[in-house]
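Colleague: Handing you a structure now.
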Amino acid sequence: MSLNLPPRPVLAVATLGLALLLAGCGQKEAKQAPPARPVLVASVHYAEEAPDRAFVGTIRPRIEADIGFRVAGKIAKRLVEVGQSVEVGQPLAQLDEVDLKLQAEQAEAELRAATGVLAQAAAAENRAKELRAKGWATDAQLDQAKASADEARARLNRAERSVELTRNSLSYATLVADTRGVVTATLIDAGQVVAAGQTAIRVARFAEKEAVVAIPETLIGRAKDGRASVTLWSDPNKTYTATLREIAPNADAATRTYLAKFSLPEAGDEVALGMTATLTLADPATQRVARLPLSALFNQGAQPSFYVVDDAGQVALQPVAVKAYETHDVLISGGVAEGAKVVVLGVQKLDPAEKVRVVSALTF
């Protein structure tokens, strides 16, 4: 059986054409764009150069007064307990009033006696004046009558003051609150004998509240000049403005910190005494900077710059304003936008015309 093959010249031409076609395909593959170069980037984030510092503190009253009786006596009853809120004029405790009432009655009796003596002395003085005018009494008798009347007037004045004092003492037998607050301590009980001025009830005033924190010595300047704010652990979404009122002149011997008290003028009844709070101190003179690795900086004698990668994978060299150099980082104050992606490795070998591919980490 015989095969019908083409002539030899036709077969040679076909083979040559196929070889040329294959050679052309290889040239097209060789001309394809190289793959995108992977680059490690970091996002630019601007923040305060001096970061805010937070401290844990407690809410305390600015004034916590120790209240005591102004007279001595025996406690008849105590009318409040620890933690109880009190209003202005509310009775807190009472003394036994028996002795005080007797002193008041005695003073009133002396007042009545002095009144009678004065009436008699005044009548004698008037008679002495009449008799002296008629020549029936001597000057010595008139002077004696005047002296007796003056002494009776002074005795009456003394008796009136004594009555006022005993009435005041009787009113002091009831200990009352002089301000709105909460009872933080009760140091007396019924049957106890107390001296005048001895602490009986301790009341913390509601009028002014403050946050008390311990500040390290390195941040005393920021505590005095910086901005302070307070948040409660029970309500972290609400912020209260704080103002430094007092800072201890000496450091604590154990912790080497200074006790600082910050007033809270905006604090209302929702801020209870004893609550735990967070005090935040911010430096008012700080500048917003971005911290990036020092390897991201490109500098060939001109202005320092960064390679910024866009969404299409193209890189562009952008000059930046350097705030400071650190051991491993560089701080910039401007030049690139917030959130921009900056190449952080291999910037010296990067070609701006070269397309790159962003990677989050290097793998080998």
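Scheme for the structure tokens: letters A, B, ... for chains in order shown; per-chain residue numbers from 1; ligand numbers from 1 in order shown.
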Please give the complete set of residues from region 53-199 of chain A that DSSP, run on the backbone, assigns to strand (DSSP E), formatted as a VMD selection string.
Modeller: chain A and resid 53 to 61 64 to 68 73 to 78 85 to 86 91 to 95 174 to 176 181 to 186 193 to 194 199
Colleague: Show which residues sit within 9 Å of region 140-146 of chain A, as a ChimeraX atom specification. Count only C-alpha atoms, and ignore same-chain residues fewer than 4 positions away.
Modeller: /A:121-122,124-129,131-132,150-151
Colleague: Gly116 (chain A): which residues within 12 Å, counting only C-alpha atoms, same-chain residues fewer than 3 positions away excluded, as JSON, numbers by chain?
Modeller: {"A": [109, 110, 111, 112, 113, 119, 120, 121, 122, 123, 149, 152, 153, 155, 156, 159]}
Colleague: Need to verify the contact set: Gly197 (chain A), 12 Å, only C-alpha atoms, exclusion of same-chain residues closer than 3 positions in sequence. Can you return it as a PDB file with all heavy atoms, in the first residue's frame?
Modeller:
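And here's out_33.pdb as it stands now:
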ATOM      1  N   ASP A  66     -14.543  67.533 110.927  1.00  0.00           N
ATOM      2  CA  ASP A  66     -14.812  66.845 112.188  1.00  0.00           C
ATOM      3  C   ASP A  66     -15.692  67.752 113.040  1.00  0.00           C
ATOM      4  O   ASP A  66     -15.276  68.839 113.445  1.00  0.00           O
ATOM      5  CB  ASP A  66     -13.509  66.536 112.925  1.00  0.00           C
ATOM      6  CG  ASP A  66     -12.663  65.508 112.207  1.00  0.00           C
ATOM      7  OD1 ASP A  66     -13.245  64.741 111.419  1.00  0.00           O
ATOM      8  OD2 ASP A  66     -11.445  65.481 112.424  1.00  0.00           O
ATOM      9  N   ILE A  67     -16.915  67.307 113.310  1.00  0.00           N
ATOM     10  CA  ILE A  67     -17.887  68.114 114.041  1.00  0.00           C
ATOM     11  C   ILE A  67     -17.973  67.599 115.471  1.00  0.00           C
ATOM     12  O   ILE A  67     -18.019  66.382 115.709  1.00  0.00           O
ATOM     13  CB  ILE A  67     -19.264  68.054 113.361  1.00  0.00           C
ATOM     14  CG1 ILE A  67     -19.143  68.496 111.906  1.00  0.00           C
ATOM     15  CG2 ILE A  67     -20.268  68.933 114.095  1.00  0.00           C
ATOM     16  CD1 ILE A  67     -20.430  68.379 111.131  1.00  0.00           C
ATOM     17  N   GLY A  68     -17.994  68.536 116.417  1.00  0.00           N
ATOM     18  CA  GLY A  68     -18.103  68.163 117.827  1.00  0.00           C
ATOM     19  C   GLY A  68     -19.007  69.118 118.584  1.00  0.00           C
ATOM     20  O   GLY A  68     -19.337  70.210 118.100  1.00  0.00           O
ATOM     21  N   PHE A  69     -19.415  68.706 119.779  1.00  0.00           N
ATOM     22  CA  PHE A  69     -20.253  69.564 120.631  1.00  0.00           C
ATOM     23  C   PHE A  69     -19.425  70.724 121.166  1.00  0.00           C
ATOM     24  O   PHE A  69     -18.227  70.585 121.467  1.00  0.00           O
ATOM     25  CB  PHE A  69     -20.815  68.757 121.798  1.00  0.00           C
ATOM     26  CG  PHE A  69     -21.855  67.752 121.395  1.00  0.00           C
ATOM     27  CD1 PHE A  69     -21.506  66.428 121.203  1.00  0.00           C
ATOM     28  CD2 PHE A  69     -23.172  68.128 121.214  1.00  0.00           C
ATOM     29  CE1 PHE A  69     -22.454  65.489 120.837  1.00  0.00           C
ATOM     30  CE2 PHE A  69     -24.131  67.206 120.843  1.00  0.00           C
ATOM     31  CZ  PHE A  69     -23.774  65.879 120.656  1.00  0.00           C
ATOM     32  N   ARG A  70     -20.074  71.864 121.308  1.00  0.00           N
ATOM     33  CA  ARG A  70     -19.397  73.046 121.837  1.00  0.00           C
ATOM     34  C   ARG A  70     -19.475  73.117 123.352  1.00  0.00           C
ATOM     35  O   ARG A  70     -18.894  74.026 123.960  1.00  0.00           O
ATOM     36  CB  ARG A  70     -20.005  74.304 121.206  1.00  0.00           C
ATOM     37  CG  ARG A  70     -19.852  74.314 119.691  1.00  0.00           C
ATOM     38  CD  ARG A  70     -20.602  75.447 119.029  1.00  0.00           C
ATOM     39  NE  ARG A  70     -20.066  76.739 119.372  1.00  0.00           N
ATOM     40  CZ  ARG A  70     -20.478  77.886 118.833  1.00  0.00           C
ATOM     41  NH1 ARG A  70     -21.444  77.869 117.916  1.00  0.00           N
ATOM     42  NH2 ARG A  70     -19.951  79.032 119.199  1.00  0.00           N
ATOM     43  N   VAL A  71     -20.183  72.163 123.948  1.00  0.00           N
ATOM     44  CA  VAL A  71     -20.255  72.065 125.402  1.00  0.00           C
ATOM     45  C   VAL A  71     -20.018  70.615 125.797  1.00  0.00           C
ATOM     46  O   VAL A  71     -20.216  69.698 124.997  1.00  0.00           O
ATOM     47  CB  VAL A  71     -21.622  72.542 125.941  1.00  0.00           C
ATOM     48  CG1 VAL A  71     -21.798  74.034 125.700  1.00  0.00           C
ATOM     49  CG2 VAL A  71     -22.759  71.754 125.303  1.00  0.00           C
ATOM     50  N   ALA A  72     -19.577  70.425 127.030  1.00  0.00           N
ATOM     51  CA  ALA A  72     -19.359  69.072 127.526  1.00  0.00           C
ATOM     52  C   ALA A  72     -20.674  68.476 128.009  1.00  0.00           C
ATOM     53  O   ALA A  72     -21.627  69.191 128.343  1.00  0.00           O
ATOM     54  CB  ALA A  72     -18.339  69.100 128.655  1.00  0.00           C
ATOM     55  N   GLY A  73     -20.726  67.147 128.033  1.00  0.00           N
ATOM     56  CA  GLY A  73     -21.941  66.492 128.514  1.00  0.00           C
ATOM     57  C   GLY A  73     -21.962  65.018 128.173  1.00  0.00           C
ATOM     58  O   GLY A  73     -21.002  64.468 127.613  1.00  0.00           O
ATOM     59  N   TYR A 172     -26.634  74.250 122.091  1.00  0.00           N
ATOM     60  CA  TYR A 172     -25.497  73.462 121.649  1.00  0.00           C
ATOM     61  C   TYR A 172     -25.636  71.993 122.027  1.00  0.00           C
ATOM     62  O   TYR A 172     -24.839  71.167 121.574  1.00  0.00           O
ATOM     63  CB  TYR A 172     -24.201  74.004 122.251  1.00  0.00           C
ATOM     64  CG  TYR A 172     -23.856  75.404 121.820  1.00  0.00           C
ATOM     65  CD1 TYR A 172     -23.079  76.229 122.630  1.00  0.00           C
ATOM     66  CD2 TYR A 172     -24.321  75.920 120.604  1.00  0.00           C
ATOM     67  CE1 TYR A 172     -22.763  77.515 122.241  1.00  0.00           C
ATOM     68  CE2 TYR A 172     -24.013  77.210 120.221  1.00  0.00           C
ATOM     69  CZ  TYR A 172     -23.233  78.014 121.046  1.00  0.00           C
ATOM     70  OH  TYR A 172     -22.935  79.288 120.664  1.00  0.00           O
ATOM     71  N   LEU A 175     -26.338  68.617 118.250  1.00  0.00           N
ATOM     72  CA  LEU A 175     -25.321  68.780 117.218  1.00  0.00           C
ATOM     73  C   LEU A 175     -25.997  68.709 115.851  1.00  0.00           C
ATOM     74  O   LEU A 175     -26.657  67.707 115.526  1.00  0.00           O
ATOM     75  CB  LEU A 175     -24.260  67.678 117.341  1.00  0.00           C
ATOM     76  CG  LEU A 175     -23.054  67.780 116.410  1.00  0.00           C
ATOM     77  CD1 LEU A 175     -22.254  69.037 116.695  1.00  0.00           C
ATOM     78  CD2 LEU A 175     -22.176  66.542 116.548  1.00  0.00           C
ATOM     79  N   VAL A 194     -18.511  63.301 126.688  1.00  0.00           N
ATOM     80  CA  VAL A 194     -17.573  63.956 125.788  1.00  0.00           C
ATOM     81  C   VAL A 194     -17.221  65.333 126.325  1.00  0.00           C
ATOM     82  O   VAL A 194     -17.987  65.948 127.069  1.00  0.00           O
ATOM     83  CB  VAL A 194     -18.170  64.083 124.366  1.00  0.00           C
ATOM     84  CG1 VAL A 194     -18.398  62.716 123.754  1.00  0.00           C
ATOM     85  CG2 VAL A 194     -19.470  64.880 124.384  1.00  0.00           C
ATOM     86  N   ALA A 200     -17.036  64.270 117.234  1.00  0.00           N
ATOM     87  CA  ALA A 200     -18.160  63.358 117.413  1.00  0.00           C
ATOM     88  C   ALA A 200     -18.581  62.716 116.093  1.00  0.00           C
ATOM     89  O   ALA A 200     -18.737  61.507 115.998  1.00  0.00           O
ATOM     90  CB  ALA A 200     -19.343  64.103 118.044  1.00  0.00           C
ATOM     91  N   ILE A 201     -18.778  63.555 115.058  1.00  0.00           N
ATOM     92  CA  ILE A 201     -19.234  63.079 113.745  1.00  0.00           C
ATOM     93  C   ILE A 201     -18.326  63.687 112.681  1.00  0.00           C
ATOM     94  O   ILE A 201     -17.968  64.865 112.750  1.00  0.00           O
ATOM     95  CB  ILE A 201     -20.695  63.487 113.479  1.00  0.00           C
ATOM     96  CG1 ILE A 201     -21.611  63.022 114.624  1.00  0.00           C
ATOM     97  CG2 ILE A 201     -21.168  62.922 112.151  1.00  0.00           C
ATOM     98  CD1 ILE A 201     -21.786  61.544 114.721  1.00  0.00           C
TER      99      ILE A 201
END
Colleague: List as a ChimeraX atom specification the protein and nucleic acid residues near region 82-95 of chain A, meaning an atom at most 6 Å away when only C-alpha atoms are counted, but skip any in the same chain fewer than 6 places from it.
Modeller: /A:74-76,173-185
Colleague: Report, in Å to a single decimal, how far apart CA of Leu170 (chain A) and CA of Leu187 (chain A) are.
Modeller: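 Computed distance, CA of Leu187 (chain A) to CA of Leu170 (chain A), equals 21.8 Å.
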Colleague: Please identify every residue of region 163-247 of chain A that has at least one atom no farther than 7 Å from an atom of region 262-268 of chain A, counting only C-alpha atoms, and for each give the shortest atom pair and the distance in Å to one decimal, arranged by chain then increasing number, as JSON lines.
Modeller:
{"residue": "A:Glu208", "atom": "CA", "partner": "A:Pro265", "partner_atom": "CA", "distance": 7.0}
{"residue": "A:Lys209", "atom": "CA", "partner": "A:Leu264", "partner_atom": "CA", "distance": 5.7}
{"residue": "A:Glu210", "atom": "CA", "partner": "A:Ser263", "partner_atom": "CA", "distance": 4.3}
{"residue": "A:Ala211", "atom": "CA", "partner": "A:Phe262", "partner_atom": "CA", "distance": 5.1}
{"residue": "A:Val212", "atom": "CA", "partner": "A:Phe262", "partner_atom": "CA", "distance": 6.4}
{"residue": "A:Tyr240", "atom": "CA", "partner": "A:Glu266", "partner_atom": "CA", "distance": 6.4}
{"residue": "A:Thr241", "atom": "CA", "partner": "A:Leu264", "partner_atom": "CA", "distance": 6.4}
{"residue": "A:Ala242", "atom": "CA", "partner": "A:Leu264", "partner_atom": "CA", "distance": 5.1}
{"residue": "A:Thr243", "atom": "CA", "partner": "A:Phe262", "partner_atom": "CA", "distance": 5.1}
{"residue": "A:Leu244", "atom": "CA", "partner": "A:Phe262", "partner_atom": "CA", "distance": 4.3}
{"residue": "A:Arg245", "atom": "CA", "partner": "A:Phe262", "partner_atom": "CA", "distance": 5.4}
Colleague: Go ahead and compute the interatomic distance for CA of Ala47 (chain A) and CA of Phe306 (chain A), in Å to one decimal.
Modeller: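 Those two atoms sit 18.6 Å apart.
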Colleague: Which of these residues is nearest to Leu350 (chain A), using only C-alpha atoms: A:Ala324, A:Leu118, A:Val44, A:Val308?
Modeller: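 Smallest distance to Leu350 (chain A) is found for A:Val308.
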Colleague: With only C-alpha atoms as the counted atoms, please give the residues lying no more than 9 Å from Ile332 (chain A), apart from itself and same-chain residues fewer than 6 positions off, as a PDB file with all heavy atoms, in the first residue's frame.
Modeller:
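So the final result, stored in out_34.pdb, reads:
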ATOM      1  N   TYR A  46      -0.153  59.849  62.827  1.00  0.00           N
ATOM      2  CA  TYR A  46       0.290  60.997  63.618  1.00  0.00           C
ATOM      3  C   TYR A  46      -0.343  60.932  65.009  1.00  0.00           C
ATOM      4  O   TYR A  46      -1.540  60.673  65.157  1.00  0.00           O
ATOM      5  CB  TYR A  46      -0.091  62.309  62.945  1.00  0.00           C
ATOM      6  CG  TYR A  46       0.718  62.600  61.698  1.00  0.00           C
ATOM      7  CD1 TYR A  46       0.245  62.211  60.442  1.00  0.00           C
ATOM      8  CD2 TYR A  46       1.940  63.236  61.781  1.00  0.00           C
ATOM      9  CE1 TYR A  46       0.982  62.468  59.297  1.00  0.00           C
ATOM     10  CE2 TYR A  46       2.686  63.498  60.635  1.00  0.00           C
ATOM     11  CZ  TYR A  46       2.207  63.114  59.401  1.00  0.00           C
ATOM     12  OH  TYR A  46       2.940  63.361  58.282  1.00  0.00           O
ATOM     13  N   ARG A 288       2.191  67.001  67.099  1.00  0.00           N
ATOM     14  CA  ARG A 288       1.776  65.733  66.513  1.00  0.00           C
ATOM     15  C   ARG A 288       2.840  65.265  65.532  1.00  0.00           C
ATOM     16  O   ARG A 288       3.204  65.981  64.592  1.00  0.00           O
ATOM     17  CB  ARG A 288       0.420  65.882  65.825  1.00  0.00           C
ATOM     18  CG  ARG A 288      -0.721  66.140  66.793  1.00  0.00           C
ATOM     19  CD  ARG A 288      -2.041  66.206  66.056  1.00  0.00           C
ATOM     20  NE  ARG A 288      -2.373  64.950  65.408  1.00  0.00           N
ATOM     21  CZ  ARG A 288      -2.966  63.925  66.006  1.00  0.00           C
ATOM     22  NH1 ARG A 288      -3.264  63.996  67.286  1.00  0.00           N
ATOM     23  NH2 ARG A 288      -3.243  62.814  65.342  1.00  0.00           N
ATOM     24  N   VAL A 289       3.336  64.061  65.751  1.00  0.00           N
ATOM     25  CA  VAL A 289       4.385  63.493  64.914  1.00  0.00           C
ATOM     26  C   VAL A 289       4.025  62.059  64.577  1.00  0.00           C
ATOM     27  O   VAL A 289       3.174  61.443  65.223  1.00  0.00           O
ATOM     28  CB  VAL A 289       5.755  63.543  65.628  1.00  0.00           C
ATOM     29  CG1 VAL A 289       6.185  64.972  65.872  1.00  0.00           C
ATOM     30  CG2 VAL A 289       5.719  62.747  66.924  1.00  0.00           C
ATOM     31  N   ALA A 290       4.698  61.541  63.537  1.00  0.00           N
ATOM     32  CA  ALA A 290       4.560  60.139  63.146  1.00  0.00           C
ATOM     33  C   ALA A 290       5.902  59.454  63.355  1.00  0.00           C
ATOM     34  O   ALA A 290       6.950  60.012  63.008  1.00  0.00           O
ATOM     35  CB  ALA A 290       4.104  60.016  61.699  1.00  0.00           C
ATOM     36  N   ARG A 291       5.856  58.272  63.895  1.00  0.00           N
ATOM     37  CA  ARG A 291       7.073  57.499  64.174  1.00  0.00           C
ATOM     38  C   ARG A 291       7.168  56.362  63.155  1.00  0.00           C
ATOM     39  O   ARG A 291       6.261  55.537  63.032  1.00  0.00           O
ATOM     40  CB  ARG A 291       7.022  56.952  65.596  1.00  0.00           C
ATOM     41  CG  ARG A 291       8.258  56.155  66.006  1.00  0.00           C
ATOM     42  CD  ARG A 291       8.063  55.574  67.399  1.00  0.00           C
ATOM     43  NE  ARG A 291       7.832  56.631  68.354  1.00  0.00           N
ATOM     44  CZ  ARG A 291       8.800  57.268  69.017  1.00  0.00           C
ATOM     45  NH1 ARG A 291      10.062  56.922  68.796  1.00  0.00           N
ATOM     46  NH2 ARG A 291       8.517  58.223  69.873  1.00  0.00           N
ATOM     47  N   LEU A 292       8.295  56.321  62.420  1.00  0.00           N
ATOM     48  CA  LEU A 292       8.523  55.312  61.390  1.00  0.00           C
ATOM     49  C   LEU A 292       9.945  54.773  61.518  1.00  0.00           C
ATOM     50  O   LEU A 292      10.824  55.440  62.090  1.00  0.00           O
ATOM     51  CB  LEU A 292       8.320  55.906  59.997  1.00  0.00           C
ATOM     52  CG  LEU A 292       6.870  56.285  59.663  1.00  0.00           C
ATOM     53  CD1 LEU A 292       6.841  57.202  58.461  1.00  0.00           C
ATOM     54  CD2 LEU A 292       6.036  55.038  59.404  1.00  0.00           C
ATOM     55  N   VAL A 320       9.835  64.918  53.408  1.00  0.00           N
ATOM     56  CA  VAL A 320       9.179  64.989  54.714  1.00  0.00           C
ATOM     57  C   VAL A 320       9.949  65.944  55.616  1.00  0.00           C
ATOM     58  O   VAL A 320      11.127  66.241  55.381  1.00  0.00           O
ATOM     59  CB  VAL A 320       9.083  63.600  55.367  1.00  0.00           C
ATOM     60  CG1 VAL A 320       8.177  62.688  54.577  1.00  0.00           C
ATOM     61  CG2 VAL A 320      10.464  62.980  55.535  1.00  0.00           C
ATOM     62  N   ALA A 321       9.251  66.433  56.648  1.00  0.00           N
ATOM     63  CA  ALA A 321       9.874  67.289  57.666  1.00  0.00           C
ATOM     64  C   ALA A 321      10.232  66.427  58.864  1.00  0.00           C
ATOM     65  O   ALA A 321       9.354  65.905  59.551  1.00  0.00           O
ATOM     66  CB  ALA A 321       8.923  68.407  58.074  1.00  0.00           C
ATOM     67  N   VAL A 322      11.511  66.264  59.104  1.00  0.00           N
ATOM     68  CA  VAL A 322      11.993  65.413  60.194  1.00  0.00           C
ATOM     69  C   VAL A 322      12.018  66.218  61.491  1.00  0.00           C
ATOM     70  O   VAL A 322      12.606  67.306  61.560  1.00  0.00           O
ATOM     71  CB  VAL A 322      13.388  64.855  59.884  1.00  0.00           C
ATOM     72  CG1 VAL A 322      13.915  64.041  61.059  1.00  0.00           C
ATOM     73  CG2 VAL A 322      13.339  64.001  58.618  1.00  0.00           C
ATOM     74  N   LYS A 323      11.360  65.672  62.505  1.00  0.00           N
ATOM     75  CA  LYS A 323      11.347  66.330  63.819  1.00  0.00           C
ATOM     76  C   LYS A 323      12.535  65.891  64.668  1.00  0.00           C
ATOM     77  O   LYS A 323      13.186  66.711  65.325  1.00  0.00           O
ATOM     78  CB  LYS A 323      10.041  65.969  64.546  1.00  0.00           C
ATOM     79  CG  LYS A 323       9.921  66.540  65.949  1.00  0.00           C
ATOM     80  CD  LYS A 323       9.761  68.054  65.905  1.00  0.00           C
ATOM     81  CE  LYS A 323       9.383  68.604  67.277  1.00  0.00           C
ATOM     82  NZ  LYS A 323      10.307  68.241  68.361  1.00  0.00           N
ATOM     83  N   ALA A 324      12.848  64.601  64.668  1.00  0.00           N
ATOM     84  CA  ALA A 324      13.957  64.107  65.472  1.00  0.00           C
ATOM     85  C   ALA A 324      14.360  62.728  64.976  1.00  0.00           C
ATOM     86  O   ALA A 324      13.562  61.995  64.371  1.00  0.00           O
ATOM     87  CB  ALA A 324      13.572  64.058  66.951  1.00  0.00           C
ATOM     88  N   TYR A 325      15.619  62.412  65.249  1.00  0.00           N
ATOM     89  CA  TYR A 325      16.147  61.086  64.948  1.00  0.00           C
ATOM     90  C   TYR A 325      16.353  60.331  66.251  1.00  0.00           C
ATOM     91  O   TYR A 325      16.869  60.887  67.228  1.00  0.00           O
ATOM     92  CB  TYR A 325      17.476  61.185  64.192  1.00  0.00           C
ATOM     93  CG  TYR A 325      17.371  61.781  62.817  1.00  0.00           C
ATOM     94  CD1 TYR A 325      17.620  63.123  62.592  1.00  0.00           C
ATOM     95  CD2 TYR A 325      17.025  60.984  61.724  1.00  0.00           C
ATOM     96  CE1 TYR A 325      17.539  63.667  61.321  1.00  0.00           C
ATOM     97  CE2 TYR A 325      16.930  61.523  60.445  1.00  0.00           C
ATOM     98  CZ  TYR A 325      17.181  62.868  60.254  1.00  0.00           C
ATOM     99  OH  TYR A 325      17.083  63.400  58.993  1.00  0.00           O
TER     100      TYR A 325
END
Colleague: Write out, as a tab-separated table, each residue of region 21-110 of chain A that has an atom at most 12 Å from region 223-233 of chain A, together with the closest pair of atoms and their distance in Å to one decimal, counting only C-alpha atoms, rows going by chain and rising number.
Modeller:
residue	atom	partner	partner_atom	distance
A:Ala50	CA	A:Gly226	CA	11.3
A:Pro51	CA	A:Gly226	CA	11.9
A:Asp52	CA	A:Arg227	CA	9.7
A:Arg53	CA	A:Ala228	CA	9.8
A:Ala54	CA	A:Val230	CA	9.3
A:Phe55	CA	A:Val230	CA	9.5
A:Val56	CA	A:Val230	CA	9.7
A:Gly57	CA	A:Val230	CA	9.3
A:Thr58	CA	A:Leu232	CA	9.2
A:Ile59	CA	A:Leu232	CA	9.1
Colleague: Could you pull out the residues in region 28-275 of chain A that DSSP calls helix (DSSP H, G or I) from the backbone, as a VMD selection string?
Modeller: chain A and resid 28 to 30 98 to 134 139 to 171 217 to 225
Colleague: Point out the residue among A:Leu279, A:Ile247, A:Ala204, A:Ile215 with the least atom-to-atom distance to Glu64 (chain A), counting only C-alpha atoms.
Modeller: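 Ranking A:Leu279, A:Ile247, A:Ala204, A:Ile215 by distance to Glu64 (chain A), first place goes to A:Ala204.
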Colleague: For Ala107 (chain A), work out the shell of residues within 10 Å, counting only C-alpha atoms and skipping chain neighbours fewer than 6 positions away, then give it as a PDB file with C-alpha atoms, in the first residue's frame.
Modeller:
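Output below, filename result22.pdb:
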ATOM      1  CA  LYS A 101     -31.491  73.395 131.739  1.00  0.00           C
ATOM      2  CA  ALA A 113     -32.907  89.144 141.343  1.00  0.00           C
ATOM      3  CA  ARG A 158     -24.102  90.505 133.767  1.00  0.00           C
ATOM      4  CA  ALA A 159     -27.230  88.493 134.524  1.00  0.00           C
ATOM      5  CA  GLU A 160     -28.621  89.165 131.038  1.00  0.00           C
ATOM      6  CA  ARG A 161     -25.400  87.955 129.423  1.00  0.00           C
ATOM      7  CA  SER A 162     -25.441  84.884 131.622  1.00  0.00           C
ATOM      8  CA  VAL A 163     -28.959  84.063 130.449  1.00  0.00           C
ATOM      9  CA  GLU A 164     -27.870  84.387 126.805  1.00  0.00           C
ATOM     10  CA  LEU A 165     -24.872  82.133 127.380  1.00  0.00           C
ATOM     11  CA  THR A 166     -26.907  79.421 129.086  1.00  0.00           C
ATOM     12  CA  ARG A 167     -29.497  79.546 126.327  1.00  0.00           C
TER      13      ARG A 167
END
